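Next up, start_0.tsv (TSV, C-alpha atoms):
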chain	number	residue	atom	x	y	z
A	1	MET	CA	-7.33	23.32	-61.45
A	2	ILE	CA	-10.47	22.58	-63.45
A	3	TYR	CA	-12.02	25.61	-65.14
A	4	ASP	CA	-15.57	26.13	-66.30
A	5	ILE	CA	-14.25	27.74	-69.46
A	6	ILE	CA	-10.98	28.77	-71.11
A	7	THR	CA	-10.89	31.55	-73.68
A	8	ILE	CA	-8.05	31.64	-76.20
A	9	GLY	CA	-7.57	34.54	-78.58
A	10	SER	CA	-6.64	38.20	-78.82
A	11	ALA	CA	-6.16	41.05	-76.38
A	12	THR	CA	-5.94	44.70	-77.44
A	13	ARG	CA	-5.66	48.21	-76.07
A	14	ASP	CA	-8.31	50.43	-77.68
A	15	GLY	CA	-8.33	54.16	-78.30
A	16	ILE	CA	-11.84	55.31	-79.17
A	17	PHE	CA	-12.15	58.67	-80.93
A	18	GLU	CA	-15.60	60.25	-80.71
A	19	GLY	CA	-17.20	63.34	-82.24
A	20	ILE	CA	-14.97	63.75	-85.32
A	21	PRO	CA	-16.85	65.65	-88.08
A	22	PHE	CA	-16.68	62.95	-90.75
A	23	VAL	CA	-17.99	63.37	-94.27
A	24	TYR	CA	-20.14	60.34	-95.09
A	25	LEU	CA	-19.48	58.74	-98.47
A	26	LYS	CA	-20.98	56.14	-100.78
A	27	ASP	CA	-18.56	54.28	-102.99
A	28	LYS	CA	-18.68	50.80	-104.51
A	29	ARG	CA	-14.98	50.34	-103.74
A	30	PHE	CA	-15.81	50.04	-100.02
A	31	ILE	CA	-16.80	46.58	-98.76
A	32	THR	CA	-19.92	48.04	-97.15
A	33	LYS	CA	-20.43	50.52	-100.04
A	34	LYS	CA	-20.29	53.28	-97.42
A	35	GLY	CA	-17.38	55.18	-95.92
A	36	ILE	CA	-16.19	58.15	-93.89
A	37	GLY	CA	-13.87	60.92	-95.05
A	38	LEU	CA	-11.61	63.62	-93.64
A	39	PRO	CA	-9.77	66.47	-95.41
A	40	LEU	CA	-6.27	65.45	-96.49
A	41	GLY	CA	-3.49	67.38	-94.75
A	42	ALA	CA	-5.80	68.99	-92.20
A	43	LYS	CA	-5.47	68.99	-88.42
A	44	ILE	CA	-8.72	67.74	-86.94
A	45	THR	CA	-9.79	68.38	-83.35
A	46	VAL	CA	-11.04	65.26	-81.56
A	47	PRO	CA	-13.74	66.22	-79.02
A	48	GLU	CA	-13.61	62.98	-76.98
A	49	VAL	CA	-11.09	60.17	-76.57
A	50	HIS	CA	-11.78	57.06	-74.51
A	51	PHE	CA	-9.31	54.31	-73.66
A	52	SER	CA	-10.38	50.76	-72.93
A	53	THR	CA	-9.34	47.19	-73.63
A	54	GLY	CA	-10.67	44.72	-76.16
A	55	GLY	CA	-9.94	41.52	-78.02
A	56	GLY	CA	-12.08	38.39	-78.17
A	57	ALA	CA	-10.26	36.47	-75.42
A	58	THR	CA	-10.54	39.24	-72.82
A	59	ASN	CA	-14.03	40.45	-73.80
A	60	THR	CA	-15.59	37.00	-73.55
A	61	ALA	CA	-13.59	36.09	-70.44
A	62	THR	CA	-15.02	39.18	-68.75
A	63	THR	CA	-18.58	38.01	-69.40
A	64	PHE	CA	-17.88	34.52	-68.08
A	65	ALA	CA	-16.08	35.78	-64.97
A	66	ARG	CA	-18.74	38.38	-64.13
A	67	LEU	CA	-21.37	35.65	-64.34
A	68	GLY	CA	-19.49	33.55	-61.79
A	69	PHE	CA	-17.75	31.00	-64.00
A	70	LYS	CA	-14.20	29.93	-63.19
A	71	THR	CA	-12.42	31.43	-66.19
A	72	LEU	CA	-8.92	31.21	-67.64
A	73	ALA	CA	-7.89	33.50	-70.51
A	74	ILE	CA	-4.92	32.74	-72.75
A	75	PHE	CA	-3.67	35.58	-74.97
A	76	ARG	CA	-0.41	37.31	-75.88
A	77	VAL	CA	0.70	40.80	-74.85
A	78	ALA	CA	4.01	42.65	-74.63
A	79	LYS	CA	5.72	43.92	-71.53
A	80	ASP	CA	4.53	47.46	-72.22
A	81	VAL	CA	1.95	49.85	-70.78
A	82	PRO	CA	-0.98	48.54	-72.89
A	83	GLY	CA	-0.08	44.97	-71.98
A	84	GLU	CA	0.19	45.75	-68.28
A	85	THR	CA	-3.17	47.57	-68.44
A	86	ILE	CA	-4.86	44.51	-69.95
A	87	LEU	CA	-3.36	42.16	-67.36
A	88	LYS	CA	-4.37	44.45	-64.48
A	89	GLU	CA	-7.92	44.64	-65.77
A	90	MET	CA	-8.21	40.87	-66.14
A	91	ILE	CA	-7.04	40.37	-62.56
A	92	GLU	CA	-9.61	42.91	-61.35
A	93	GLU	CA	-12.33	41.02	-63.24
A	94	GLY	CA	-11.37	37.75	-61.55
A	95	VAL	CA	-10.03	36.13	-64.71
A	96	ASP	CA	-7.11	33.73	-64.25
A	97	ILE	CA	-4.13	34.83	-66.39
A	98	SER	CA	-1.65	32.23	-65.15
A	99	PHE	CA	-0.74	31.20	-68.70
A	100	VAL	CA	-0.71	34.53	-70.48
A	101	GLN	CA	2.03	34.77	-73.11
A	102	ILE	CA	4.53	37.66	-72.94
A	103	ASP	CA	6.19	38.87	-76.15
A	104	TYR	CA	9.53	40.65	-75.89
A	105	VAL	CA	9.78	41.67	-79.55
A	106	LYS	CA	6.48	43.08	-80.82
A	107	PRO	CA	4.23	45.49	-78.86
A	108	THR	CA	0.73	44.72	-77.61
A	109	ALA	CA	-2.05	44.84	-80.20
A	110	TYR	CA	-3.69	48.25	-80.51
A	111	SER	CA	-6.88	49.50	-82.16
A	112	VAL	CA	-7.87	53.03	-83.12
A	113	ILE	CA	-11.66	53.10	-83.21
A	114	LEU	CA	-13.31	55.94	-85.12
A	115	LEU	CA	-16.79	56.28	-83.65
A	116	THR	CA	-19.61	57.97	-85.55
A	117	LYS	CA	-22.55	59.77	-83.97
A	118	ASN	CA	-24.87	56.77	-84.51
A	119	GLY	CA	-22.55	54.31	-82.76
A	120	GLU	CA	-21.08	52.72	-85.88
A	121	ARG	CA	-17.33	52.37	-85.90
A	122	THR	CA	-14.40	51.95	-88.23
A	123	ILE	CA	-11.49	50.12	-86.61
A	124	LEU	CA	-7.84	50.60	-87.50
A	125	SER	CA	-6.33	47.43	-86.09
A	126	TYR	CA	-2.64	46.85	-85.38
A	127	LYS	CA	-2.32	43.15	-84.56
A	128	GLY	CA	1.08	43.43	-82.86
A	129	CYS	CA	2.19	40.44	-80.83
A	130	ALA	CA	-1.34	38.97	-80.80
A	131	GLN	CA	-0.41	37.45	-84.16
A	132	ASN	CA	2.38	35.52	-82.42
A	133	LEU	CA	0.12	33.51	-80.11
A	134	SER	CA	1.99	30.22	-79.75
A	135	SER	CA	0.58	26.74	-79.27
A	136	LEU	CA	3.99	25.76	-77.83
A	137	GLU	CA	3.34	28.10	-74.89
A	138	ILE	CA	-0.12	26.69	-74.12
A	139	PRO	CA	0.38	24.10	-71.32
A	140	PHE	CA	-2.19	21.60	-72.58
A	141	ASN	CA	-1.13	19.01	-70.01
A	142	LYS	CA	-1.73	21.41	-67.10
A	143	ILE	CA	-5.18	22.79	-67.89
A	144	LYS	CA	-8.57	21.14	-67.62
A	145	THR	CA	-11.88	22.70	-68.52
A	146	GLN	CA	-15.51	21.93	-69.32
A	147	TRP	CA	-15.73	24.46	-72.17
A	148	LEU	CA	-13.36	26.18	-74.57
A	149	PHE	CA	-14.05	29.42	-76.43
A	150	LEU	CA	-11.82	30.29	-79.39
A	151	GLY	CA	-11.41	33.64	-81.12
A	152	SER	CA	-8.59	35.09	-83.20
A	153	LEU	CA	-5.59	32.76	-82.85
A	154	GLY	CA	-2.95	34.60	-84.85
A	155	LYS	CA	-0.82	33.33	-87.70
A	156	GLU	CA	0.88	30.22	-86.37
A	157	LYS	CA	0.40	27.39	-88.87
A	158	ASN	CA	-2.08	24.75	-87.69
A	159	ILE	CA	-2.61	26.31	-84.24
A	160	LEU	CA	-6.36	25.77	-84.54
A	161	LYS	CA	-5.83	22.12	-85.53
A	162	LYS	CA	-3.60	21.49	-82.49
A	163	ILE	CA	-6.11	23.07	-80.10
A	164	LEU	CA	-9.03	21.15	-81.62
A	165	PHE	CA	-7.31	17.77	-81.30
A	166	TRP	CA	-6.40	18.50	-77.66
A	167	ALA	CA	-9.95	19.59	-76.82
A	168	LYS	CA	-11.53	16.62	-78.56
A	169	LYS	CA	-9.20	14.20	-76.81
A	170	GLU	CA	-10.12	15.72	-73.43
A	171	LYS	CA	-13.86	15.73	-74.31
A	172	ILE	CA	-14.09	19.51	-73.94
A	173	LYS	CA	-17.05	21.34	-75.46
A	174	ILE	CA	-15.75	23.72	-78.13
A	175	ALA	CA	-17.20	27.06	-79.22
A	176	ILE	CA	-15.66	29.42	-81.76
A	177	ASN	CA	-16.19	32.86	-83.21
A	178	PRO	CA	-13.53	32.63	-85.94
A	179	SER	CA	-11.58	35.55	-87.34
A	180	ARG	CA	-10.15	35.78	-90.85
A	181	ASN	CA	-7.24	33.38	-90.32
A	182	GLU	CA	-9.46	30.67	-88.84
A	183	LEU	CA	-12.06	31.10	-91.59
A	184	LEU	CA	-9.42	30.72	-94.29
A	185	TRP	CA	-8.14	27.53	-92.64
A	186	LEU	CA	-11.61	26.08	-92.05
A	187	LYS	CA	-12.66	26.71	-95.64
A	188	LYS	CA	-9.71	24.60	-96.78
A	189	ASN	CA	-10.26	22.01	-94.02
A	190	LYS	CA	-14.04	21.74	-93.74
A	191	ASN	CA	-13.90	18.35	-92.01
A	192	TYR	CA	-12.77	20.12	-88.82
A	193	LEU	CA	-16.06	21.99	-88.62
A	194	SER	CA	-17.50	18.80	-87.14
A	195	PHE	CA	-15.42	19.41	-83.99
A	196	PHE	CA	-17.50	22.39	-82.85
A	197	ASP	CA	-20.36	22.30	-80.37
A	198	VAL	CA	-21.15	25.98	-81.06
A	199	PHE	CA	-20.10	27.71	-84.26
A	200	ILE	CA	-20.73	31.48	-84.43
A	201	VAL	CA	-20.28	33.57	-87.58
A	202	ASN	CA	-21.81	36.69	-89.08
A	203	GLN	CA	-23.78	36.48	-92.31
A	204	GLU	CA	-20.88	37.49	-94.56
A	205	GLU	CA	-18.64	34.84	-92.97
A	206	ALA	CA	-21.37	32.21	-93.33
A	207	SER	CA	-21.68	33.10	-97.02
A	208	TYR	CA	-17.90	32.89	-97.46
A	209	LEU	CA	-17.69	29.40	-95.90
A	210	THR	CA	-20.63	27.97	-97.85
A	211	ASN	CA	-20.27	29.85	-101.16
A	212	ILE	CA	-23.97	30.67	-100.88
A	213	PRO	CA	-25.29	34.27	-100.87
A	214	TYR	CA	-26.16	35.14	-97.26
A	215	GLN	CA	-29.63	36.27	-98.34
A	216	LYS	CA	-30.43	32.58	-98.96
A	217	GLU	CA	-30.45	31.93	-95.24
A	218	LYS	CA	-32.01	28.47	-95.14
A	219	GLU	CA	-29.63	27.18	-97.80
A	220	VAL	CA	-26.68	28.58	-95.85
A	221	PHE	CA	-27.84	26.86	-92.65
A	222	LYS	CA	-28.57	23.55	-94.37
A	223	LYS	CA	-25.02	23.44	-95.70
A	224	LEU	CA	-23.45	24.50	-92.39
A	225	ASP	CA	-25.56	21.99	-90.46
A	226	LYS	CA	-24.11	19.20	-92.59
A	227	LEU	CA	-20.61	20.32	-91.62
A	228	VAL	CA	-21.01	21.43	-87.98
A	229	SER	CA	-21.98	18.81	-85.39
A	230	GLY	CA	-23.41	21.29	-82.90
A	231	ILE	CA	-25.31	24.56	-82.90
A	232	VAL	CA	-24.80	27.07	-85.70
A	233	VAL	CA	-25.29	30.79	-84.98
A	234	MET	CA	-25.42	33.49	-87.65
A	235	THR	CA	-25.43	37.07	-86.37
A	236	LYS	CA	-26.97	39.76	-88.57
A	237	GLY	CA	-26.08	43.01	-86.81
A	238	GLU	CA	-29.08	45.32	-86.47
A	239	LYS	CA	-31.28	42.61	-88.04
A	240	GLY	CA	-30.76	40.24	-85.14
A	241	VAL	CA	-29.64	36.61	-85.11
A	242	MET	CA	-30.51	33.16	-86.45
A	243	VAL	CA	-29.68	29.88	-84.70
A	244	SER	CA	-29.96	26.30	-85.94
A	245	ASP	CA	-29.96	23.13	-83.86
A	246	GLY	CA	-29.85	21.01	-87.01
A	247	GLN	CA	-33.59	20.50	-87.12
A	248	PHE	CA	-35.18	23.87	-86.39
A	249	LEU	CA	-34.24	27.44	-87.18
A	250	TYR	CA	-34.71	30.09	-84.48
A	251	GLN	CA	-34.80	33.74	-85.50
A	252	ALA	CA	-34.80	36.80	-83.24
A	253	PRO	CA	-34.64	40.55	-83.86
A	254	ALA	CA	-31.96	42.75	-82.34
A	255	LEU	CA	-32.86	43.75	-78.80
A	256	SER	CA	-32.76	47.53	-78.58
A	257	LYS	CA	-34.13	49.94	-76.03
A	258	LYS	CA	-32.42	53.10	-77.22
A	259	LYS	CA	-29.84	54.44	-79.63
A	260	ALA	CA	-26.49	52.67	-79.45
A	261	LYS	CA	-23.44	54.61	-78.28
A	262	ASP	CA	-20.81	52.17	-79.56
A	263	HIS	CA	-21.13	48.79	-81.29
A	264	THR	CA	-17.59	47.73	-80.31
A	265	GLY	CA	-17.64	44.35	-78.56
A	266	ALA	CA	-21.28	43.57	-79.36
A	267	GLY	CA	-20.38	40.33	-81.17
A	268	ASP	CA	-18.25	39.09	-78.29
A	269	ALA	CA	-20.97	40.04	-75.83
A	270	PHE	CA	-23.61	38.08	-77.74
A	271	ALA	CA	-21.37	35.04	-78.17
A	272	SER	CA	-20.33	34.87	-74.51
A	273	GLY	CA	-23.85	35.56	-73.26
A	274	PHE	CA	-25.25	32.83	-75.51
A	275	ILE	CA	-22.65	30.27	-74.43
A	276	SER	CA	-23.10	31.18	-70.73
A	277	ILE	CA	-26.67	29.89	-70.81
A	278	LEU	CA	-25.56	26.62	-72.42
A	279	MET	CA	-22.84	26.28	-69.78
A	280	LYS	CA	-25.21	26.52	-66.85
A	281	ASN	CA	-27.60	23.89	-68.25
A	282	LYS	CA	-26.79	20.21	-68.58
A	283	ILE	CA	-29.15	19.71	-71.51
A	284	ILE	CA	-29.91	21.82	-74.57
A	285	ASN	CA	-33.52	21.98	-75.68
A	286	GLU	CA	-35.81	24.55	-77.27
A	287	GLU	CA	-36.36	26.46	-74.05
A	288	ILE	CA	-32.61	26.65	-73.30
A	289	LEU	CA	-31.79	27.75	-76.85
A	290	LYS	CA	-34.35	30.53	-76.69
A	291	GLU	CA	-33.01	31.65	-73.33
A	292	ALA	CA	-29.47	31.62	-74.76
A	293	ILE	CA	-30.54	33.76	-77.72
A	294	PHE	CA	-32.28	36.20	-75.40
A	295	PHE	CA	-29.43	36.48	-72.91
A	296	GLY	CA	-26.82	36.87	-75.64
A	297	SER	CA	-28.93	39.64	-77.15
A	298	LEU	CA	-29.42	41.24	-73.75
A	299	ASN	CA	-25.67	41.24	-73.07
A	300	ALA	CA	-24.91	42.73	-76.50
A	301	ASN	CA	-27.62	45.37	-76.05
A	302	SER	CA	-26.14	46.36	-72.69
A	303	VAL	CA	-22.63	46.66	-74.13
A	304	ILE	CA	-23.65	48.99	-76.97
A	305	GLN	CA	-25.12	51.48	-74.48
A	306	PHE	CA	-21.58	52.33	-73.32
A	307	ILE	CA	-18.30	53.36	-74.91
A	308	GLY	CA	-15.87	50.44	-75.12
A	309	ALA	CA	-16.19	46.66	-75.33
A	310	LYS	CA	-16.48	45.76	-71.64
A	311	LYS	CA	-18.21	48.41	-69.55
A	312	GLY	CA	-21.75	47.22	-70.25
A	313	ILE	CA	-21.12	43.50	-69.84
A	314	LEU	CA	-23.73	42.04	-67.52
A	315	ASN	CA	-22.88	40.52	-64.16
A	316	HIS	CA	-26.08	38.57	-63.55
A	317	PHE	CA	-28.52	36.34	-65.42
A	318	GLU	CA	-31.94	37.59	-66.45
A	319	LYS	CA	-34.85	35.51	-67.68
A	320	LEU	CA	-37.04	36.43	-70.64
A	321	LYS	CA	-40.22	36.23	-68.57
A	322	ASN	CA	-38.90	38.81	-66.10
A	323	HIS	CA	-37.76	41.31	-68.70
A	324	PRO	CA	-39.88	44.26	-69.90
A	325	PHE	CA	-38.55	44.27	-73.49
A	326	LYS	CA	-40.67	42.65	-76.19
A	327	PHE	CA	-38.58	39.90	-77.72
A	328	LYS	CA	-40.17	37.40	-80.07
A	329	ILE	CA	-38.23	34.33	-81.18
A	330	THR	CA	-39.74	32.49	-84.14
A	331	LYS	CA	-39.17	28.81	-84.75
A	332	THR	CA	-39.39	27.19	-88.18
A	333	LEU	CA	-38.54	23.78	-89.58
A	334	LEU	CA	-35.18	23.89	-91.32
If you convert what's in this file into structure tokens, what do you get?
Amino acid sequence: MIYDIITIGSATRDGIFEGIPFVYLKDKRFITKKGIGLPLGAKITVPEVHFSTGGGATNTATTFARLGFKTLAIFRVAKDVPGETILKEMIEEGVDISFVQIDYVKPTAYSVILLTKNGERTILSYKGCAQNLSSLEIPFNKIKTQWLFLGSLGKEKNILKKILFWAKKEKIKIAINPSRNELLWLKKNKNYLSFFDVFIVNQEEASYLTNIPYQKEKEVFKKLDKLVSGIVVMTKGEKGVMVSDGQFLYQAPALSKKKAKDHTGAGDAFASGFISILMKNKIINEEILKEAIFFGSLNANSVIQFIGAKKGILNHFEKLKNHPFKFKITKTLL
């Protein structure tokens, strides 16, 4: 079978805890300089708990499947209740899970998501068997696809390298939203950045890869454009997104119609929405790139209006000209 896209990455069961009376803190020891606190030794009542599924492979696969693309997702879960829940949901979404990996030692990955009243979240992430994703269990000789989307690939040595060589040999278009392990590997092996047709990072990750402060945005993009053959995307959270095609820089604000309920899954929603537009067009030009930026933003904006990473994922395409939101994309010479 030939797929439109294959997603490879993580799958998690998420418990989202809402309405906890956190104390908000400022402390330079935190990465973000801000934090949340609870009284030590106390028993805290949790007003609302929501259960959903997450993980880059399943979140992005859901977008692609809902938009009508023939989608295969490869991830690793255990034979436990969370794992069975994820598999059941993927089947219901129309995602092919023929080559899912089952782990009989470690449990399925699990995240406890502490949700604040303004939709920001702190995630306690147990990686579980997702870290054991195995290239040996990916049947490269049995799967064919037009596109490949990569997320968190676990800890197997050189798994990214093996996947990249397979995809390049088969002339598959490659997109990635790398996690920590992939970023560490790519920083040491920068020549492999040339393999990617779409490379998506947030501003802190872009700064880490280039050793340039993320505030120096043009310098960051100029360096990444020398390394990445295709399109470079830098997401900036509430400040929107920047995209480079190697010649021009496109910048757009975050698309927001009302206060976010939960930012979980917004990055995956943008990435998959963006790539979906590229998938349905044979050429990539200025108009297509702008449409991709808009639709990725629209998908992310829809997701953050709901609790959980998947509920708000769109199931149809919308064009900028038919949408009531004001959304200005600026174009500058790089």
Can you tell me, as a PyMOL selection string, what residues are no more than 10 Å from Gly267 (chain A) when counting all atoms listed in the file, ignoring any on the same chain fewer than 2 positions away? chain A and resi 56+59-60+177+200-202+235-237+263-265+269-273+296-297+299-300+303+309
Expressed in Å, the length from CA of Leu148 (chain A) to CA of Leu160 (chain A) is 12.2 Å
Figure out the distance between CA of Phe75 (chain A) and CA of Leu150 (chain A), please, to one decimal in Å.
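Those two atoms sit 10.7 Å apart.
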Pick from A:Lys162, A:Lys226, A:Lys290, A:Lys43, whichever lies nearest to Phe274 (chain A) using only C-alpha atoms: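 Looking only at the distances to Phe274 (chain A), the closest residue turns out to be A:Lys290.
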Across A:Ile2, A:Leu334, A:Leu164, A:Ala130, the smallest distance to Asp245 (chain A), with all atoms listed in the file counted, is shown by A:Leu334
